[in-house]
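Structure file run.txt (compact mmCIF, C-alpha atoms and all ligand atoms) is printed below.
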# COMPACT_ATOMS: atom_id res chain seq x y z
CA MET E 137 0.00 0.00 0.00
CA LEU E 138 1.31 3.44 -0.93
CA ARG E 139 1.73 5.67 2.12
CA ALA E 140 4.31 8.31 1.16
CA LEU E 141 5.29 10.40 -1.80
CA LEU E 142 8.89 11.59 -2.00
CA LEU E 143 9.29 14.55 -4.33
CA ASP E 144 12.14 16.39 -6.00
CA MET E 145 11.53 20.17 -6.23
CA ASP E 146 13.54 21.65 -9.14
CA ASN E 147 12.03 20.81 -12.52
CA THR E 148 9.67 18.32 -10.89
CA LEU E 149 7.30 20.38 -8.71
CA CYS E 150 8.60 23.78 -9.81
CA ASP E 151 9.69 25.16 -13.16
CA THR E 152 13.28 26.02 -12.28
CA HIS E 153 14.45 26.06 -15.90
CA ARG E 154 11.92 28.79 -16.71
CA ALA E 155 12.90 30.85 -13.66
CA VAL E 156 16.61 30.61 -14.47
CA ASP E 157 16.04 31.50 -18.14
CA ALA E 158 13.97 34.55 -17.13
CA ALA E 159 16.61 35.64 -14.61
CA LYS E 160 19.38 35.16 -17.17
CA ILE E 161 17.72 37.58 -19.61
CA GLN E 162 17.19 40.25 -16.94
CA PHE E 163 20.70 39.71 -15.55
CA ALA E 164 22.26 40.20 -19.00
CA ARG E 165 20.29 43.44 -19.47
CA HIS E 166 21.19 44.73 -16.02
CA VAL E 167 24.90 44.01 -16.40
CA GLY E 168 24.80 45.57 -19.88
CA ARG E 169 23.34 48.77 -18.39
CA CYS E 170 25.81 48.72 -15.47
CA PHE E 171 28.81 48.61 -17.78
CA SER E 172 27.36 50.45 -20.77
CA LYS E 173 30.64 52.32 -21.28
CA GLU E 174 32.54 49.05 -21.61
CA THR E 175 32.25 48.28 -25.28
CA SER E 176 33.81 44.85 -24.81
CA LEU E 177 31.01 43.54 -22.59
CA ASP E 178 28.66 40.88 -23.93
CA GLY E 179 25.95 40.66 -21.25
CA GLY E 180 24.37 37.55 -22.73
CA THR E 181 27.64 35.63 -22.74
CA PHE E 182 28.35 36.76 -19.19
CA ALA E 183 24.90 35.72 -17.90
CA SER E 184 25.08 32.32 -19.63
CA ALA E 185 28.55 31.67 -18.22
CA PHE E 186 27.32 32.64 -14.75
CA VAL E 187 24.47 30.11 -14.89
CA THR E 188 26.85 27.44 -16.21
CA GLY E 189 29.13 28.22 -13.28
CA ILE E 190 26.50 28.04 -10.56
CA TYR E 191 25.42 24.66 -11.95
CA ARG E 192 29.02 23.48 -11.42
CA GLU E 193 29.84 22.92 -15.09
CA TRP E 194 33.42 23.97 -14.43
CA SER E 195 36.74 23.73 -16.21
CA ASP E 196 39.49 22.04 -14.20
CA SER E 197 40.99 25.40 -13.27
CA GLN E 198 37.60 26.72 -12.12
CA ARG E 199 37.12 23.58 -10.03
CA GLY E 200 40.50 24.12 -8.39
CA ALA E 201 39.65 27.75 -7.64
CA TYR E 202 36.01 27.47 -6.57
CA LEU E 203 35.79 24.30 -4.48
CA PRO E 204 38.02 25.75 -1.73
CA ILE E 205 35.96 28.97 -1.69
CA ILE E 206 32.73 27.00 -1.31
CA GLU E 207 34.22 24.86 1.45
CA ARG E 208 35.71 27.75 3.40
CA GLN E 209 33.38 30.67 2.70
CA GLY E 210 30.17 29.18 1.30
CA GLU E 211 28.05 29.41 -1.82
CA GLU E 212 27.45 33.17 -1.76
CA ALA E 213 31.19 33.96 -1.71
CA PHE E 214 31.71 31.57 -4.62
CA ARG E 215 28.99 33.21 -6.69
CA LYS E 216 30.41 36.68 -6.08
CA GLN E 217 33.88 35.50 -7.09
CA LEU E 218 32.40 33.90 -10.20
CA ILE E 219 30.84 37.24 -11.16
CA LYS E 220 34.17 39.03 -10.69
CA ASP E 221 36.08 36.41 -12.67
CA LEU E 222 33.62 36.35 -15.58
CA LEU E 223 33.65 40.14 -15.82
CA ALA E 224 37.46 40.12 -15.66
CA GLU E 225 37.40 37.76 -18.65
CA GLN E 226 35.57 40.58 -20.45
CA HIS E 227 38.29 43.05 -19.38
CA ILE E 228 36.25 44.58 -16.56
CA ASN E 229 38.59 44.48 -13.59
CA THR E 230 37.06 47.13 -11.37
CA VAL E 231 34.32 45.07 -9.71
CA THR E 232 34.30 45.57 -5.94
CA ASP E 233 32.88 43.05 -3.52
CA ALA E 234 29.91 45.36 -2.94
CA LEU E 235 29.15 45.60 -6.67
CA ALA E 236 29.51 41.83 -7.12
CA ASN E 237 27.04 41.43 -4.26
CA ASP E 238 24.58 43.88 -5.85
CA LEU E 239 24.79 42.02 -9.16
CA LEU E 240 24.28 38.68 -7.45
CA GLN E 241 21.18 40.02 -5.70
CA VAL E 242 19.75 41.12 -9.06
CA PHE E 243 20.08 37.59 -10.43
CA GLU E 244 18.65 36.01 -7.28
CA SER E 245 15.66 38.35 -7.04
CA GLU E 246 14.80 37.93 -10.73
CA ARG E 247 15.07 34.13 -10.36
CA LEU E 248 12.82 34.05 -7.30
CA ALA E 249 10.26 36.37 -8.88
CA ALA E 250 9.88 33.89 -11.75
CA PHE E 251 9.99 30.74 -9.59
CA ASP E 252 6.68 28.89 -9.29
CA PHE E 253 4.97 25.52 -9.32
CA TYR E 254 4.13 23.96 -12.66
CA PRO E 255 0.41 24.43 -13.45
CA GLY E 256 -1.79 22.06 -11.46
CA ILE E 257 0.92 20.93 -9.04
CA ALA E 258 -0.08 23.06 -6.02
CA ASP E 259 -3.71 21.85 -6.22
CA PHE E 260 -2.50 18.27 -6.65
CA LEU E 261 -0.33 18.48 -3.51
CA GLY E 262 -3.34 19.77 -1.57
CA ARG E 263 -5.50 16.82 -2.71
CA ILE E 264 -2.97 14.02 -2.38
CA ARG E 265 -1.85 15.12 1.07
CA ASP E 266 -5.16 13.76 2.41
CA LYS E 267 -3.98 10.28 1.41
CA LEU E 268 -0.17 10.31 1.53
CA THR E 269 2.65 11.81 3.57
CA LEU E 270 4.61 14.18 1.36
CA VAL E 271 8.39 14.60 1.71
CA VAL E 272 10.42 16.87 -0.58
CA ILE E 273 14.07 15.95 -1.11
CA THR E 274 15.87 18.76 -2.91
CA ASN E 275 19.58 18.79 -3.72
CA GLY E 276 21.60 21.99 -3.64
CA PRO E 277 23.07 24.52 -1.22
CA GLU E 278 20.94 26.29 1.39
CA PHE E 279 21.81 29.60 -0.29
CA SER E 280 19.84 28.71 -3.42
CA GLN E 281 17.28 26.21 -2.09
CA LEU E 282 15.86 27.94 1.01
CA PRO E 283 14.77 31.13 -0.84
CA LYS E 284 13.07 29.03 -3.54
CA ILE E 285 11.27 26.98 -0.90
CA ALA E 286 10.10 30.22 0.73
CA ALA E 287 9.11 31.79 -2.61
CA VAL E 288 6.41 29.16 -3.22
CA ASN E 289 5.63 28.54 0.49
CA LEU E 290 6.48 24.91 -0.11
CA GLY E 291 6.26 24.16 3.61
CA ASP E 292 2.51 24.84 3.46
CA TYR E 293 2.01 22.09 0.86
CA VAL E 294 4.09 19.17 2.16
CA ASP E 295 4.84 17.46 5.48
CA HIS E 296 8.65 17.52 5.42
CA ILE E 297 11.41 19.17 3.36
CA ILE E 298 14.96 17.82 3.23
CA VAL E 299 17.58 20.16 1.72
CA GLY E 300 20.59 18.23 0.42
CA GLY E 301 23.01 21.01 1.33
CA GLN E 302 22.02 20.66 4.99
CA GLU E 303 22.70 16.90 5.03
CA SER E 304 25.93 14.91 5.12
CA GLU E 305 25.15 13.50 1.66
CA GLN E 306 22.82 14.55 -1.17
CA LYS E 307 20.84 12.44 -3.64
CA PRO E 308 21.63 9.82 -4.93
CA ALA E 309 23.03 8.75 -1.53
CA ARG E 310 20.94 6.16 0.31
CA SER E 311 21.19 8.08 3.57
CA ILE E 312 19.00 10.94 2.35
CA PHE E 313 16.27 8.58 1.09
CA GLU E 314 16.43 6.68 4.39
CA LYS E 315 15.93 9.96 6.24
CA ALA E 316 12.87 10.68 4.08
CA LEU E 317 11.40 7.24 4.86
CA GLN E 318 12.01 7.80 8.57
CA LEU E 319 10.28 11.17 8.47
CA ALA E 320 7.34 9.63 6.61
CA ASP E 321 7.37 6.71 9.08
CA CYS E 322 7.10 4.13 6.32
CA GLN E 323 9.01 1.34 4.60
CA ALA E 324 10.68 1.66 1.19
CA GLU E 325 7.98 -0.43 -0.51
CA GLU E 326 5.31 1.94 0.82
CA ALA E 327 6.82 4.98 -0.93
CA ILE E 328 7.31 6.28 -4.42
CA HIS E 329 9.85 8.93 -5.43
CA ILE E 330 9.31 11.41 -8.27
CA GLY E 331 12.15 13.34 -9.89
CA ASP E 332 13.67 14.55 -13.13
CA SER E 333 17.34 13.69 -12.56
CA PHE E 334 18.00 10.14 -13.72
CA ASN E 335 21.14 9.82 -11.62
CA ALA E 336 20.11 11.68 -8.46
CA ASP E 337 16.43 10.71 -8.32
CA ILE E 338 15.88 7.46 -10.19
CA VAL E 339 19.17 5.71 -9.47
CA GLY E 340 19.19 7.01 -5.89
CA ALA E 341 15.64 5.94 -5.02
CA SER E 342 16.01 2.61 -6.87
CA ASN E 343 19.14 1.80 -4.85
CA SER E 344 17.03 2.31 -1.74
CA ASN E 345 14.33 -0.05 -3.13
CA ILE E 346 11.89 2.82 -3.55
CA LYS E 347 9.61 2.83 -6.61
CA THR E 348 10.16 5.71 -9.02
CA ILE E 349 8.47 8.06 -11.44
CA TRP E 350 10.90 9.74 -13.83
CA VAL E 351 9.96 13.15 -15.20
CA ARG E 352 11.79 12.84 -18.45
CA HIS E 353 11.46 16.29 -20.00
CA GLU E 354 13.67 15.95 -23.10
CA GLN E 355 16.16 13.52 -21.60
CA ARG E 356 17.01 10.02 -22.81
CA PRO E 357 17.62 7.14 -20.40
CA ASP E 358 21.22 6.45 -19.47
CA PRO E 359 22.23 3.82 -22.08
CA VAL E 360 24.60 2.00 -19.71
CA SER E 361 22.43 2.04 -16.59
CA THR E 362 20.81 -1.22 -15.52
CA ILE E 363 18.23 0.77 -13.57
CA SER E 364 14.97 1.81 -15.12
CA PRO E 365 12.17 3.89 -13.63
CA CYS E 366 8.89 2.18 -12.68
CA TYR E 367 6.96 4.90 -14.51
CA THR E 368 8.00 7.67 -16.90
CA VAL E 369 6.17 10.89 -17.74
CA ASP E 370 7.24 13.46 -20.28
CA HIS E 371 6.27 16.52 -18.23
CA PRO E 372 5.34 17.36 -14.62
CA CYS E 373 1.75 18.16 -15.65
CA GLU E 374 1.25 14.37 -16.05
CA ILE E 375 2.21 13.68 -12.40
CA PRO E 376 -1.22 14.29 -10.77
CA ALA E 377 -3.21 11.82 -12.90
CA LEU E 378 -0.55 9.10 -12.64
CA VAL E 379 -0.10 9.38 -8.86
CA GLU E 380 -3.86 9.54 -8.23
CA GLN E 381 -4.26 6.40 -10.33
CA ILE E 382 -1.47 4.59 -8.41
CA ALA E 383 -2.75 5.77 -5.01
CA GLY E 384 -6.30 4.63 -5.87
MG MG E 401 15.20 18.16 -10.19
Represent the supplied structure as structure tokens.
Ligand SMILES: [Mg+2]
Amino acid sequence: MLRALLLDMDNTLCDTHRAVDAAKIQFARHVGRCFSKETSLDGGTFASAFVTGIYREWSDSQRGAYLPIIERQGEEAFRKQLIKDLLAEQHINTVTDALANDLLQVFESERLAAFDFYPGIADFLGRIRDKLTLVVITNGPEFSQLPKIAAVNLGDYVDHIIVGGQESEQKPARSIFEKALQLADCQAEEAIHIGDSFNADIVGASNSNIKTIWVRHEQRPDPVSTISPCYTVDHPCEIPALVEQIAG
């Protein structure tokens, strides 16, 4: 019998891609205005590189530079340094810490303003909570995850929220799924996990013997993985009907 629903947040419950794309456009415009006298600046390239950087798609030299900053000073310090470095690449070397902070706040506020549930998801959570215990497991640092959680009042819709950055290990580690099962007070076979990341969500939950729903978006299955999701949907808007059918 199904008793608990474990849920990823980014690009499963909430349209993070859309929020980041919207923020990227506004960020590029803002930086362009800020440095309008700098003819060398390409705001779009800068904003794209910033998003690539915060999603940890680093070169080896960036990895060597940024991991120690994150470990010693945290995510916010890393993001400010990333802004300074990317602007320096465009020959703008006059960025103070205060200006880097102001620019970072522009990106964050634009991202949060555009951050929301996919259509139908908030109502679905309200309905299904009568039947199932709901536990969100979201990977990522507190710096980025807590404001997003607050922006949609996620705590009002679910019973528990686990932020990967506050735990000793993030998805796909078994420990974080075991914590979710403990919070929901149920066994692995009584839960189902929904997420869009094949590696973090589907492999992680499967390794903990939890059934899975993969939100595929445009992705293809990992060709070498021996793990396959129990159910696959193309888009989060298909989650409510499938879960309500499974839950009976
Ligand atoms: Mg996700």
Separation of atom CA of E:Ala324 from atom CA of E:Lys347, in Å and rounded to one decimal: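 Straight-line distance from atom CA of E:Ala324 to atom CA of E:Lys347 works out to 8.0 Å.
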Residue neighbourhood stretch 163-173 of chain E, 12 Å, all atoms listed in the file, exclusion window fewer than 5 positions, as an MDAnalysis selection string: chainID E and resid 155:158 178:187 219:220 222:223 226:231 235:236 238:247
Keeping C-alpha atoms for every residue in the selection just given, could you write it to a file as an mmCIF file, keeping the file's coordinate frame?
data_model
loop_
_atom_site.group_PDB
_atom_site.id
_atom_site.type_symbol
_atom_site.label_atom_id
_atom_site.label_comp_id
_atom_site.auth_asym_id
_atom_site.auth_seq_id
_atom_site.Cartn_x
_atom_site.Cartn_y
_atom_site.Cartn_z
ATOM 1 C CA ALA E 155 12.900 30.850 -13.660
ATOM 2 C CA VAL E 156 16.610 30.610 -14.470
ATOM 3 C CA ASP E 157 16.040 31.500 -18.140
ATOM 4 C CA ALA E 158 13.970 34.550 -17.130
ATOM 5 C CA ASP E 178 28.660 40.880 -23.930
ATOM 6 C CA GLY E 179 25.950 40.660 -21.250
ATOM 7 C CA GLY E 180 24.370 37.550 -22.730
ATOM 8 C CA THR E 181 27.640 35.630 -22.740
ATOM 9 C CA PHE E 182 28.350 36.760 -19.190
ATOM 10 C CA ALA E 183 24.900 35.720 -17.900
ATOM 11 C CA SER E 184 25.080 32.320 -19.630
ATOM 12 C CA ALA E 185 28.550 31.670 -18.220
ATOM 13 C CA PHE E 186 27.320 32.640 -14.750
ATOM 14 C CA VAL E 187 24.470 30.110 -14.890
ATOM 15 C CA ILE E 219 30.840 37.240 -11.160
ATOM 16 C CA LYS E 220 34.170 39.030 -10.690
ATOM 17 C CA LEU E 222 33.620 36.350 -15.580
ATOM 18 C CA LEU E 223 33.650 40.140 -15.820
ATOM 19 C CA GLN E 226 35.570 40.580 -20.450
ATOM 20 C CA HIS E 227 38.290 43.050 -19.380
ATOM 21 C CA ILE E 228 36.250 44.580 -16.560
ATOM 22 C CA ASN E 229 38.590 44.480 -13.590
ATOM 23 C CA THR E 230 37.060 47.130 -11.370
ATOM 24 C CA VAL E 231 34.320 45.070 -9.710
ATOM 25 C CA LEU E 235 29.150 45.600 -6.670
ATOM 26 C CA ALA E 236 29.510 41.830 -7.120
ATOM 27 C CA ASP E 238 24.580 43.880 -5.850
ATOM 28 C CA LEU E 239 24.790 42.020 -9.160
ATOM 29 C CA LEU E 240 24.280 38.680 -7.450
ATOM 30 C CA GLN E 241 21.180 40.020 -5.700
ATOM 31 C CA VAL E 242 19.750 41.120 -9.060
ATOM 32 C CA PHE E 243 20.080 37.590 -10.430
ATOM 33 C CA GLU E 244 18.650 36.010 -7.280
ATOM 34 C CA SER E 245 15.660 38.350 -7.040
ATOM 35 C CA GLU E 246 14.800 37.930 -10.730
ATOM 36 C CA ARG E 247 15.070 34.130 -10.360
#
Per residue of chain E within 9 Å of ligand MG 401 (chain E), note the shortest atom pair and the distance in Å to one decimal, counting only C-alpha atoms and all ligand atoms, and order the rows by chain and increasing residue number, as CSV.
residue,atom,partner,partner_atom,distance
E:Asp144,CA,E:MG401,MG,5.5
E:Met145,CA,E:MG401,MG,5.8
E:Asp146,CA,E:MG401,MG,4.0
E:Asn147,CA,E:MG401,MG,4.7
E:Thr148,CA,E:MG401,MG,5.6
E:Leu149,CA,E:MG401,MG,8.3
E:Cys150,CA,E:MG401,MG,8.7
E:Thr152,CA,E:MG401,MG,8.4
E:Thr274,CA,E:MG401,MG,7.3
E:Asn275,CA,E:MG401,MG,7.8
E:Gly331,CA,E:MG401,MG,5.7
E:Asp332,CA,E:MG401,MG,4.9
E:Ser333,CA,E:MG401,MG,5.5
E:Ala336,CA,E:MG401,MG,8.3
E:Asp337,CA,E:MG401,MG,7.8
E:Val351,CA,E:MG401,MG,8.8
Output, as lines of an AutoDock Vina configuration file, the centre and edge lengths in Å (one decimal) of the axis-aligned box that contains all listed atoms of stretch 223-230 of chain E with 4 Å of margin on each side.
center_x = 36.1
center_y = 42.4
center_z = -15.9
size_x = 12.9
size_y = 17.4
size_z = 17.1
Contact residues around stretch 279-284 of chain E with only C-alpha atoms at 8 Å, ignoring same-chain residues under 3 positions, as a ChimeraX atom specification: /E:211-212,248,251,274-276,287-288,299
Separation of atom CA of E:His353 from atom CA of E:Asp370, in Å and rounded to one decimal: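 Value for the atom CA of E:His353-atom CA of E:Asp370 distance: 5.1 Å.
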